[in-house]
$ cat my_file-v5.pdb   # PDB, C-alpha atoms, pLDDT in the B column
ATOM      1  CA  MET A   1       0.000   0.000   0.000  1.00 86.00           C
ATOM      2  CA  LEU A   2       2.770   2.458   0.937  1.00 89.00           C
ATOM      3  CA  ARG A   3       4.582   1.778  -2.334  1.00 91.00           C
ATOM      4  CA  ARG A   4       1.385   2.413  -4.293  1.00 92.00           C
ATOM      5  CA  LEU A   5       0.738   5.675  -2.427  1.00 94.00           C
ATOM      6  CA  ILE A   6       4.273   6.871  -3.156  1.00 95.00           C
ATOM      7  CA  GLN A   7       3.793   5.880  -6.780  1.00 94.00           C
ATOM      8  CA  LEU A   8       0.451   7.717  -6.968  1.00 94.00           C
ATOM      9  CA  TYR A   9       1.732  11.017  -5.606  1.00 96.00           C
ATOM     10  CA  THR A  10       5.015  10.797  -7.512  1.00 96.00           C
ATOM     11  CA  GLY A  11       2.982  10.415 -10.697  1.00 94.00           C
ATOM     12  CA  LEU A  12       0.714  13.345  -9.823  1.00 96.00           C
ATOM     13  CA  VAL A  13       3.662  15.614  -8.994  1.00 97.00           C
ATOM     14  CA  PHE A  14       5.421  14.661 -12.226  1.00 97.00           C
ATOM     15  CA  TYR A  15       2.184  15.315 -14.104  1.00 95.00           C
ATOM     16  CA  GLY A  16       1.906  18.812 -12.625  1.00 96.00           C
ATOM     17  CA  ILE A  17       5.534  19.481 -13.586  1.00 97.00           C
ATOM     18  CA  SER A  18       4.857  18.288 -17.136  1.00 96.00           C
ATOM     19  CA  ILE A  19       1.940  20.738 -17.442  1.00 96.00           C
ATOM     20  CA  ALA A  20       4.201  23.638 -16.454  1.00 96.00           C
ATOM     21  CA  VAL A  21       7.071  22.603 -18.736  1.00 97.00           C
ATOM     22  CA  PHE A  22       4.612  22.080 -21.617  1.00 96.00           C
ATOM     23  CA  TYR A  23       3.245  25.591 -21.006  1.00 95.00           C
ATOM     24  CA  ARG A  24       6.707  27.191 -20.920  1.00 96.00           C
ATOM     25  CA  ALA A  25       7.638  25.453 -24.190  1.00 96.00           C
ATOM     26  CA  ASN A  26       4.958  27.653 -25.800  1.00 94.00           C
ATOM     27  CA  LEU A  27       4.624  25.396 -28.842  1.00 95.00           C
ATOM     28  CA  GLY A  28       1.031  24.314 -28.307  1.00 93.00           C
ATOM     29  CA  LEU A  29      -0.620  22.313 -25.531  1.00 92.00           C
ATOM     30  CA  ASP A  30      -2.516  19.043 -25.279  1.00 90.00           C
ATOM     31  CA  PRO A  31      -6.313  19.399 -25.804  1.00 91.00           C
ATOM     32  CA  TRP A  32      -7.359  19.669 -22.151  1.00 92.00           C
ATOM     33  CA  ASP A  33      -4.598  22.175 -21.387  1.00 93.00           C
ATOM     34  CA  VAL A  34      -5.587  24.239 -24.434  1.00 95.00           C
ATOM     35  CA  PHE A  35      -8.975  24.444 -22.705  1.00 95.00           C
ATOM     36  CA  HIS A  36      -7.394  25.215 -19.317  1.00 95.00           C
ATOM     37  CA  MET A  37      -5.219  27.952 -20.806  1.00 94.00           C
ATOM     38  CA  GLY A  38      -8.111  29.511 -22.702  1.00 95.00           C
ATOM     39  CA  LEU A  39     -10.290  29.517 -19.595  1.00 95.00           C
ATOM     40  CA  ALA A  40      -7.448  30.962 -17.509  1.00 95.00           C
ATOM     41  CA  GLN A  41      -7.065  33.841 -19.951  1.00 93.00           C
ATOM     42  CA  LEU A  42     -10.811  34.413 -19.934  1.00 93.00           C
ATOM     43  CA  THR A  43     -11.201  34.385 -16.145  1.00 94.00           C
ATOM     44  CA  GLY A  44      -7.864  35.756 -14.984  1.00 94.00           C
ATOM     45  CA  LEU A  45      -7.110  32.639 -12.926  1.00 94.00           C
ATOM     46  CA  LYS A  46      -3.685  31.026 -12.873  1.00 94.00           C
ATOM     47  CA  LEU A  47      -3.265  27.953 -15.076  1.00 94.00           C
ATOM     48  CA  GLY A  48      -3.051  25.588 -12.105  1.00 95.00           C
ATOM     49  CA  GLN A  49      -6.087  27.146 -10.459  1.00 95.00           C
ATOM     50  CA  THR A  50      -8.029  26.564 -13.665  1.00 95.00           C
ATOM     51  CA  VAL A  51      -6.920  22.909 -13.728  1.00 95.00           C
ATOM     52  CA  ILE A  52      -8.297  22.497 -10.191  1.00 96.00           C
ATOM     53  CA  VAL A  53     -11.594  24.265 -10.943  1.00 95.00           C
ATOM     54  CA  VAL A  54     -12.207  22.309 -14.154  1.00 95.00           C
ATOM     55  CA  GLY A  55     -11.323  19.029 -12.439  1.00 93.00           C
ATOM     56  CA  ALA A  56     -13.815  19.730  -9.657  1.00 93.00           C
ATOM     57  CA  LEU A  57     -16.564  20.721 -12.105  1.00 93.00           C
ATOM     58  CA  VAL A  58     -15.981  17.622 -14.242  1.00 92.00           C
ATOM     59  CA  LEU A  59     -16.124  15.517 -11.080  1.00 90.00           C
ATOM     60  CA  LEU A  60     -19.654  16.834 -10.459  1.00 89.00           C
ATOM     61  CA  LEU A  61     -20.681  15.237 -13.754  1.00 87.00           C
ATOM     62  CA  TRP A  62     -19.824  11.840 -12.288  1.00 87.00           C
ATOM     63  CA  TRP A  63     -22.863  11.881  -9.995  1.00 82.00           C
ATOM     64  CA  PRO A  64     -25.611  11.392 -12.633  1.00 79.00           C
ATOM     65  CA  MET A  65     -23.458   8.676 -14.248  1.00 80.00           C
ATOM     66  CA  ARG A  66     -23.010   6.874 -10.899  1.00 76.00           C
ATOM     67  CA  GLN A  67     -19.232   7.002 -11.068  1.00 77.00           C
ATOM     68  CA  LYS A  68     -17.416   6.600  -7.754  1.00 82.00           C
ATOM     69  CA  PRO A  69     -14.240   8.629  -7.147  1.00 86.00           C
ATOM     70  CA  GLY A  70     -11.211   7.091  -5.511  1.00 88.00           C
ATOM     71  CA  LEU A  71      -8.232   8.537  -3.650  1.00 92.00           C
ATOM     72  CA  GLY A  72      -6.450   9.059  -6.950  1.00 90.00           C
ATOM     73  CA  THR A  73      -9.444  10.976  -8.296  1.00 91.00           C
ATOM     74  CA  ILE A  74      -9.600  13.477  -5.437  1.00 92.00           C
ATOM     75  CA  SER A  75      -5.818  13.821  -5.273  1.00 94.00           C
ATOM     76  CA  ASN A  76      -5.737  14.467  -9.012  1.00 93.00           C
ATOM     77  CA  VAL A  77      -8.114  17.426  -8.686  1.00 92.00           C
ATOM     78  CA  VAL A  78      -5.906  19.139  -6.096  1.00 93.00           C
ATOM     79  CA  VAL A  79      -2.290  18.121  -6.741  1.00 95.00           C
ATOM     80  CA  LEU A  80      -1.923  18.765 -10.474  1.00 95.00           C
ATOM     81  CA  GLY A  81      -2.922  22.417 -10.327  1.00 95.00           C
ATOM     82  CA  LEU A  82      -0.940  23.209  -7.180  1.00 97.00           C
ATOM     83  CA  VAL A  83       2.244  21.678  -8.582  1.00 97.00           C
ATOM     84  CA  ALA A  84       1.806  23.327 -11.997  1.00 97.00           C
ATOM     85  CA  ASP A  85       1.418  26.789 -10.439  1.00 97.00           C
ATOM     86  CA  ALA A  86       4.370  26.223  -8.093  1.00 97.00           C
ATOM     87  CA  VAL A  87       6.657  25.228 -10.985  1.00 97.00           C
ATOM     88  CA  LEU A  88       5.474  28.108 -13.188  1.00 97.00           C
ATOM     89  CA  ALA A  89       6.260  30.530 -10.349  1.00 96.00           C
ATOM     90  CA  VAL A  90       9.967  29.579 -10.453  1.00 97.00           C
ATOM     91  CA  PHE A  91      10.273  28.662 -14.151  1.00 95.00           C
ATOM     92  CA  PRO A  92      10.525  31.853 -16.227  1.00 95.00           C
ATOM     93  CA  PRO A  93       9.365  32.113 -19.862  1.00 94.00           C
ATOM     94  CA  ILE A  94      11.813  30.827 -22.490  1.00 94.00           C
ATOM     95  CA  THR A  95      12.756  32.644 -25.689  1.00 93.00           C
ATOM     96  CA  ASP A  96      15.255  30.320 -27.407  1.00 95.00           C
ATOM     97  CA  LEU A  97      13.463  27.998 -29.826  1.00 96.00           C
ATOM     98  CA  TRP A  98      15.825  25.054 -29.264  1.00 96.00           C
ATOM     99  CA  VAL A  99      15.277  25.240 -25.493  1.00 96.00           C
ATOM    100  CA  ARG A 100      11.510  25.440 -25.993  1.00 97.00           C
ATOM    101  CA  SER A 101      11.677  22.433 -28.335  1.00 97.00           C
ATOM    102  CA  LEU A 102      13.668  20.485 -25.751  1.00 97.00           C
ATOM    103  CA  CYS A 103      11.123  21.417 -23.077  1.00 97.00           C
ATOM    104  CA  LEU A 104       8.319  20.176 -25.320  1.00 96.00           C
ATOM    105  CA  VAL A 105       9.929  16.745 -25.706  1.00 96.00           C
ATOM    106  CA  ILE A 106      10.712  16.543 -21.977  1.00 97.00           C
ATOM    107  CA  ALA A 107       7.137  17.528 -21.104  1.00 96.00           C
ATOM    108  CA  ILE A 108       5.577  14.846 -23.308  1.00 95.00           C
ATOM    109  CA  VAL A 109       7.877  12.074 -22.074  1.00 96.00           C
ATOM    110  CA  LEU A 110       7.409  13.155 -18.447  1.00 96.00           C
ATOM    111  CA  ASN A 111       3.643  13.311 -18.991  1.00 93.00           C
ATOM    112  CA  ALA A 112       3.606   9.718 -20.239  1.00 91.00           C
ATOM    113  CA  LEU A 113       5.723   8.480 -17.314  1.00 94.00           C
ATOM    114  CA  ALA A 114       3.568  10.406 -14.857  1.00 93.00           C
ATOM    115  CA  THR A 115       0.377   9.010 -16.343  1.00 88.00           C
ATOM    116  CA  SER A 116       1.696   5.447 -16.160  1.00 88.00           C
ATOM    117  CA  LEU A 117       2.797   5.921 -12.549  1.00 92.00           C
ATOM    118  CA  TYR A 118      -0.560   7.378 -11.603  1.00 87.00           C
ATOM    119  CA  ILE A 119      -2.665   4.798 -13.448  1.00 83.00           C
ATOM    120  CA  GLY A 120      -0.497   1.908 -12.343  1.00 87.00           C
ATOM    121  CA  ALA A 121      -0.955   2.773  -8.673  1.00 88.00           C
ATOM    122  CA  GLY A 122      -4.589   1.656  -9.055  1.00 86.00           C
ATOM    123  CA  PHE A 123      -6.345   4.325  -6.964  1.00 91.00           C
ATOM    124  CA  GLY A 124      -9.026   5.281  -9.479  1.00 82.00           C
ATOM    125  CA  ALA A 125      -9.469   7.330 -12.616  1.00 76.00           C
ATOM    126  CA  GLY A 126      -8.950  11.073 -12.856  1.00 85.00           C
ATOM    127  CA  PRO A 127     -11.999  13.330 -13.247  1.00 89.00           C
ATOM    128  CA  ARG A 128     -11.714  13.681 -17.020  1.00 84.00           C
ATOM    129  CA  ASP A 129     -11.182   9.979 -17.694  1.00 78.00           C
ATOM    130  CA  GLY A 130     -13.971   9.127 -15.278  1.00 80.00           C
ATOM    131  CA  LEU A 131     -16.221  11.301 -17.417  1.00 84.00           C
ATOM    132  CA  MET A 132     -15.142   9.296 -20.440  1.00 79.00           C
ATOM    133  CA  THR A 133     -15.725   5.882 -18.879  1.00 77.00           C
ATOM    134  CA  GLY A 134     -19.005   7.056 -17.334  1.00 82.00           C
ATOM    135  CA  MET A 135     -20.302   8.163 -20.743  1.00 84.00           C
ATOM    136  CA  HIS A 136     -19.187   4.827 -22.154  1.00 79.00           C
ATOM    137  CA  ASN A 137     -21.162   2.940 -19.512  1.00 79.00           C
ATOM    138  CA  ARG A 138     -24.285   5.085 -19.933  1.00 83.00           C
ATOM    139  CA  MET A 139     -24.292   5.537 -23.718  1.00 81.00           C
ATOM    140  CA  GLY A 140     -22.598   2.381 -24.900  1.00 82.00           C
ATOM    141  CA  TRP A 141     -20.322   4.220 -27.336  1.00 81.00           C
ATOM    142  CA  PRO A 142     -16.801   2.850 -27.902  1.00 81.00           C
ATOM    143  CA  ILE A 143     -14.154   4.390 -25.652  1.00 72.00           C
ATOM    144  CA  ARG A 144     -12.162   5.753 -28.598  1.00 73.00           C
ATOM    145  CA  ARG A 145     -15.195   7.540 -30.051  1.00 80.00           C
ATOM    146  CA  ILE A 146     -16.117   9.144 -26.727  1.00 83.00           C
ATOM    147  CA  ARG A 147     -12.509  10.142 -26.069  1.00 76.00           C
ATOM    148  CA  THR A 148     -12.236  11.711 -29.505  1.00 81.00           C
ATOM    149  CA  VAL A 149     -15.480  13.683 -29.087  1.00 87.00           C
ATOM    150  CA  ILE A 150     -14.424  14.966 -25.664  1.00 87.00           C
ATOM    151  CA  GLU A 151     -10.897  15.904 -26.718  1.00 85.00           C
ATOM    152  CA  LEU A 152     -11.983  17.628 -29.926  1.00 89.00           C
ATOM    153  CA  THR A 153     -14.675  19.538 -28.035  1.00 92.00           C
ATOM    154  CA  VAL A 154     -12.353  20.873 -25.329  1.00 93.00           C
ATOM    155  CA  LEU A 155      -9.691  21.600 -27.953  1.00 92.00           C
ATOM    156  CA  LEU A 156     -12.083  23.684 -30.062  1.00 94.00           C
ATOM    157  CA  VAL A 157     -13.605  25.534 -27.098  1.00 95.00           C
ATOM    158  CA  GLY A 158     -10.170  26.155 -25.594  1.00 94.00           C
ATOM    159  CA  PHE A 159      -8.811  27.481 -28.886  1.00 94.00           C
ATOM    160  CA  LEU A 160     -11.780  29.833 -29.263  1.00 95.00           C
ATOM    161  CA  MET A 161     -11.051  31.157 -25.753  1.00 95.00           C
ATOM    162  CA  GLY A 162      -7.423  31.834 -26.680  1.00 92.00           C
ATOM    163  CA  GLY A 163      -5.684  28.579 -25.757  1.00 92.00           C
ATOM    164  CA  SER A 164      -2.351  27.765 -27.411  1.00 87.00           C
ATOM    165  CA  LEU A 165      -2.596  25.413 -30.375  1.00 91.00           C
ATOM    166  CA  GLY A 166       0.554  24.367 -32.230  1.00 94.00           C
ATOM    167  CA  ILE A 167       3.031  21.656 -33.162  1.00 94.00           C
ATOM    168  CA  GLY A 168       3.089  20.528 -29.534  1.00 93.00           C
ATOM    169  CA  THR A 169      -0.615  19.713 -29.741  1.00 93.00           C
ATOM    170  CA  VAL A 170      -0.037  17.462 -32.752  1.00 91.00           C
ATOM    171  CA  LEU A 171       3.103  15.859 -31.315  1.00 93.00           C
ATOM    172  CA  TYR A 172       1.293  15.100 -28.064  1.00 91.00           C
ATOM    173  CA  ALA A 173      -1.649  13.585 -29.921  1.00 86.00           C
ATOM    174  CA  VAL A 174       0.451  11.183 -31.988  1.00 87.00           C
ATOM    175  CA  SER A 175       2.970  10.200 -29.300  1.00 89.00           C
ATOM    176  CA  ILE A 176       1.248  10.089 -25.916  1.00 86.00           C
ATOM    177  CA  GLY A 177      -0.698   6.872 -26.560  1.00 80.00           C
ATOM    178  CA  PRO A 178       2.286   4.794 -27.695  1.00 88.00           C
ATOM    179  CA  LEU A 179       4.444   6.212 -24.887  1.00 89.00           C
ATOM    180  CA  ILE A 180       1.871   5.310 -22.232  1.00 84.00           C
ATOM    181  CA  GLN A 181       1.408   1.872 -23.763  1.00 82.00           C
ATOM    182  CA  LEU A 182       5.182   1.400 -23.524  1.00 87.00           C
ATOM    183  CA  THR A 183       5.611   2.635 -19.955  1.00 89.00           C
ATOM    184  CA  LEU A 184       2.397   1.507 -18.225  1.00 85.00           C
ATOM    185  CA  PRO A 185       3.544  -2.121 -17.730  1.00 87.00           C
ATOM    186  CA  TRP A 186       6.574  -0.810 -15.826  1.00 89.00           C
ATOM    187  CA  PHE A 187       4.403   0.610 -13.060  1.00 86.00           C
ATOM    188  CA  SER A 188       1.148  -1.386 -13.026  1.00 79.00           C
ATOM    189  CA  ALA A 189       0.244  -2.598  -9.532  1.00 59.00           C
ATOM    190  CA  ARG A 190       0.269  -6.393  -9.339  1.00 51.00           C
ATOM    191  CA  SER A 191      -2.883  -7.688  -7.679  1.00 40.00           C
ATOM    192  CA  SER A 192      -5.156 -10.649  -8.301  1.00 35.00           C
ATOM    193  CA  GLN A 193      -8.081  -8.315  -7.662  1.00 37.00           C
ATOM    194  CA  GLN A 194      -6.914  -5.789 -10.258  1.00 42.00           C
ATOM    195  CA  PRO A 195      -6.984  -7.651 -13.562  1.00 37.00           C
ATOM    196  CA  ARG A 196      -7.537  -4.399 -15.441  1.00 44.00           C
ATOM    197  CA  VAL A 197      -5.926  -1.028 -14.936  1.00 41.00           C
ATOM    198  CA  GLU A 198      -8.280   1.939 -14.805  1.00 40.00           C
ATOM    199  CA  THR A 199      -7.404   4.979 -16.828  1.00 40.00           C
ATOM    200  CA  GLY A 200      -5.749   7.939 -15.156  1.00 41.00           C
ATOM    201  CA  GLU A 201      -5.800  11.603 -16.076  1.00 45.00           C
ATOM    202  CA  LYS A 202      -5.427  12.276 -19.829  1.00 45.00           C
ATOM    203  CA  SER A 203      -4.684   8.597 -20.677  1.00 41.00           C
ATOM    204  CA  GLN A 204      -6.078   7.454 -24.002  1.00 38.00           C
ATOM    205  CA  GLY A 205      -8.332   4.515 -23.108  1.00 40.00           C
ATOM    206  CA  ASN A 206      -9.592   2.236 -20.354  1.00 42.00           C
ATOM    207  CA  THR A 207      -7.305  -0.728 -20.831  1.00 42.00           C
ATOM    208  CA  LEU A 208      -3.717  -1.122 -21.980  1.00 39.00           C
ATOM    209  CA  SER A 209      -4.902  -2.011 -25.469  1.00 37.00           C
ATOM    210  CA  ASP A 210      -6.965   1.194 -25.621  1.00 44.00           C
ATOM    211  CA  LEU A 211      -4.042   3.514 -24.896  1.00 41.00           C
ATOM    212  CA  LYS A 212      -3.869   5.038 -28.358  1.00 37.00           C
ATOM    213  CA  SER A 213      -4.019   8.641 -29.474  1.00 34.00           C
ATOM    214  CA  PRO A 214      -7.583   9.831 -30.140  1.00 30.00           C
ATOM    215  CA  LEU A 215      -6.624  12.619 -32.534  1.00 32.00           C
TER
END
$ encode --input "my_file-v5.pdb" --output "structure tokens"
Amino acid sequence: MLRRLIQLYTGLVFYGISIAVFYRANLGLDPWDVFHMGLAQLTGLKLGQTVIVVGALVLLLWWPMRQKPGLGTISNVVVLGLVADAVLAVFPPITDLWVRSLCLVIAIVLNALATSLYIGAGFGAGPRDGLMTGMHNRMGWPIRRIRTVIELTVLLVGFLMGGSLGIGTVLYAVSIGPLIQLTLPWFSARSSQQPRVETGEKSQGNTLSDLKSPL
């Protein structure tokens, strides 16, 4: 249990760091963070504060779908935003393109590792993935179709609100699934009562075979 808790919070901290590094790369964000950035610009909130607010609001949508949050779910709502804001406070904007490009690659790889750590700990799905699996259970649509609809919707709305769309968005879309599929087996909790691994925040499916890019 202690090892899984350490793994959970290590993954969440790394995920928050990856959000901040992705943002400082300024080459486009992943779909949900395009939405977070757009909403932050619209409301005047910090990026991390927006991540927390959106996570909490999405979690409210679980109730009509009878989804049950776990420790990982609640921790996800709080930790990601706090860590992202803390890192952004000490990580100044970058001007050199090669440094920004390096940060983009680091952010994507770190995001995949963080996701695999978090999912593999087995403490429940994040708010956004819980929304996805809840819609799947209620509507019967395939996971990939629901994921695609959700991601394209938040991407479009976020872009219209001023979120950053760029090469980083495309690179994230085509690489995050394969990277998670590669790294998830390294961290999956071994338990006879956990034959399947639930999706964590911003993963691309609800089983290892579903971890493919939706875009």
$ residues_around --input "my_file-v5.pdb" --residues "A:Leu88" --least-positions-apart "3" --cutoff "8 Å" --atoms "only C-alpha atoms" --output "PyMOL selection string"
chain A and resi 20-21+24+84-85+91-92
$ resolve_selection --input "my_file-v5.pdb" --expression "the PyMOL selection byres ((chain A and resi 76) around 10)" --output "list in words"
Leu8, Tyr9, Gly11, Leu12, Val13, Tyr15, Gly16, Val51, Ile52, Gly55, Ala56, Gly70, Leu71, Gly72, Thr73, Ile74, Ser75, Val77, Val78, Val79, Leu80, Gly81, Tyr118, Gly124, Ala125, Gly126, Pro127, Gly200 and Glu201 of chain A
$ closest_residue --input "my_file-v5.pdb" --among "A:Val149, A:Leu182, A:Ile17, A:Val54" --to "A:Val90" --atoms "only C-alpha atoms"
A:Ile17
$ closest_residue --input "my_file-v5.pdb" --among "A:Phe35, A:Phe22, A:Phe14, A:Trp63" --to "A:Thr153" --atoms "all atoms listed in the file"
A:Phe35
$ resolve_selection --input "my_file-v5.pdb" --expression "the PyMOL selection byres ((chain A and resi 168) around 6)" --output "PDB file with C-alpha atoms, in the coordinates of the input"
ATOM      1  CA  LEU A  27       4.624  25.396 -28.842  1.00 95.00           C
ATOM      2  CA  GLY A  28       1.031  24.314 -28.307  1.00 93.00           C
ATOM      3  CA  LEU A  29      -0.620  22.313 -25.531  1.00 92.00           C
ATOM      4  CA  GLY A 166       0.554  24.367 -32.230  1.00 94.00           C
ATOM      5  CA  ILE A 167       3.031  21.656 -33.162  1.00 94.00           C
ATOM      6  CA  THR A 169      -0.615  19.713 -29.741  1.00 93.00           C
ATOM      7  CA  VAL A 170      -0.037  17.462 -32.752  1.00 91.00           C
ATOM      8  CA  LEU A 171       3.103  15.859 -31.315  1.00 93.00           C
ATOM      9  CA  TYR A 172       1.293  15.100 -28.064  1.00 91.00           C
TER      10      TYR A 172
END
$ closest_residue --input "my_file-v5.pdb" --among "A:Gly177, A:Gly163, A:Gly134, A:Gly140" --to "A:Leu61" --atoms "only C-alpha atoms"
A:Gly134
$ closest_residue --input "my_file-v5.pdb" --among "A:Met161, A:Leu117, A:Trp62, A:Thr43" --to "A:Met135" --atoms "only C-alpha atoms"
A:Trp62
$ closest_residue --input "my_file-v5.pdb" --among "A:Ala114, A:Leu39, A:Leu102, A:Ala121" --to "A:Leu2" --atoms "all atoms listed in the file"
A:Ala121
$ atom_distance --input "my_file-v5.pdb" --atom1 "atom CA of A:Asp30" --atom2 "atom CA of A:Leu155"
8.1 Å
$ atom_distance --input "my_file-v5.pdb" --atom1 "atom CA of A:Ser188" --atom2 "atom CA of A:Val34"
28.8 Å
$ resolve_selection --input "my_file-v5.pdb" --expression "the PyMOL selection byres ((chain A and resi 186) around 10)" --output "VMD selection string"
chain A and resid 113 116 to 117 120 181 to 185 187 to 189
$ axis_aligned_box --input "my_file-v5.pdb" --around "stretch 89-98 of chain A" --padding-each-side "8 Å" --output "lines of an AutoDock Vina configuration file"
center_x = 11.0
center_y = 28.8
center_z = -20.1
size_x = 25.6
size_y = 23.6
size_z = 35.5
$ residues_around --input "my_file-v5.pdb" --residues "A:Gly158" --least-positions-apart "4" --cutoff "10 Å" --atoms "all atoms listed in the file" --output "ChimeraX atom specification"
/A:31-40,152-154,162-165
$ atom_distance --input "my_file-v5.pdb" --atom1 "atom CA of A:Leu47" --atom2 "atom CA of A:Asn111"
16.7 Å
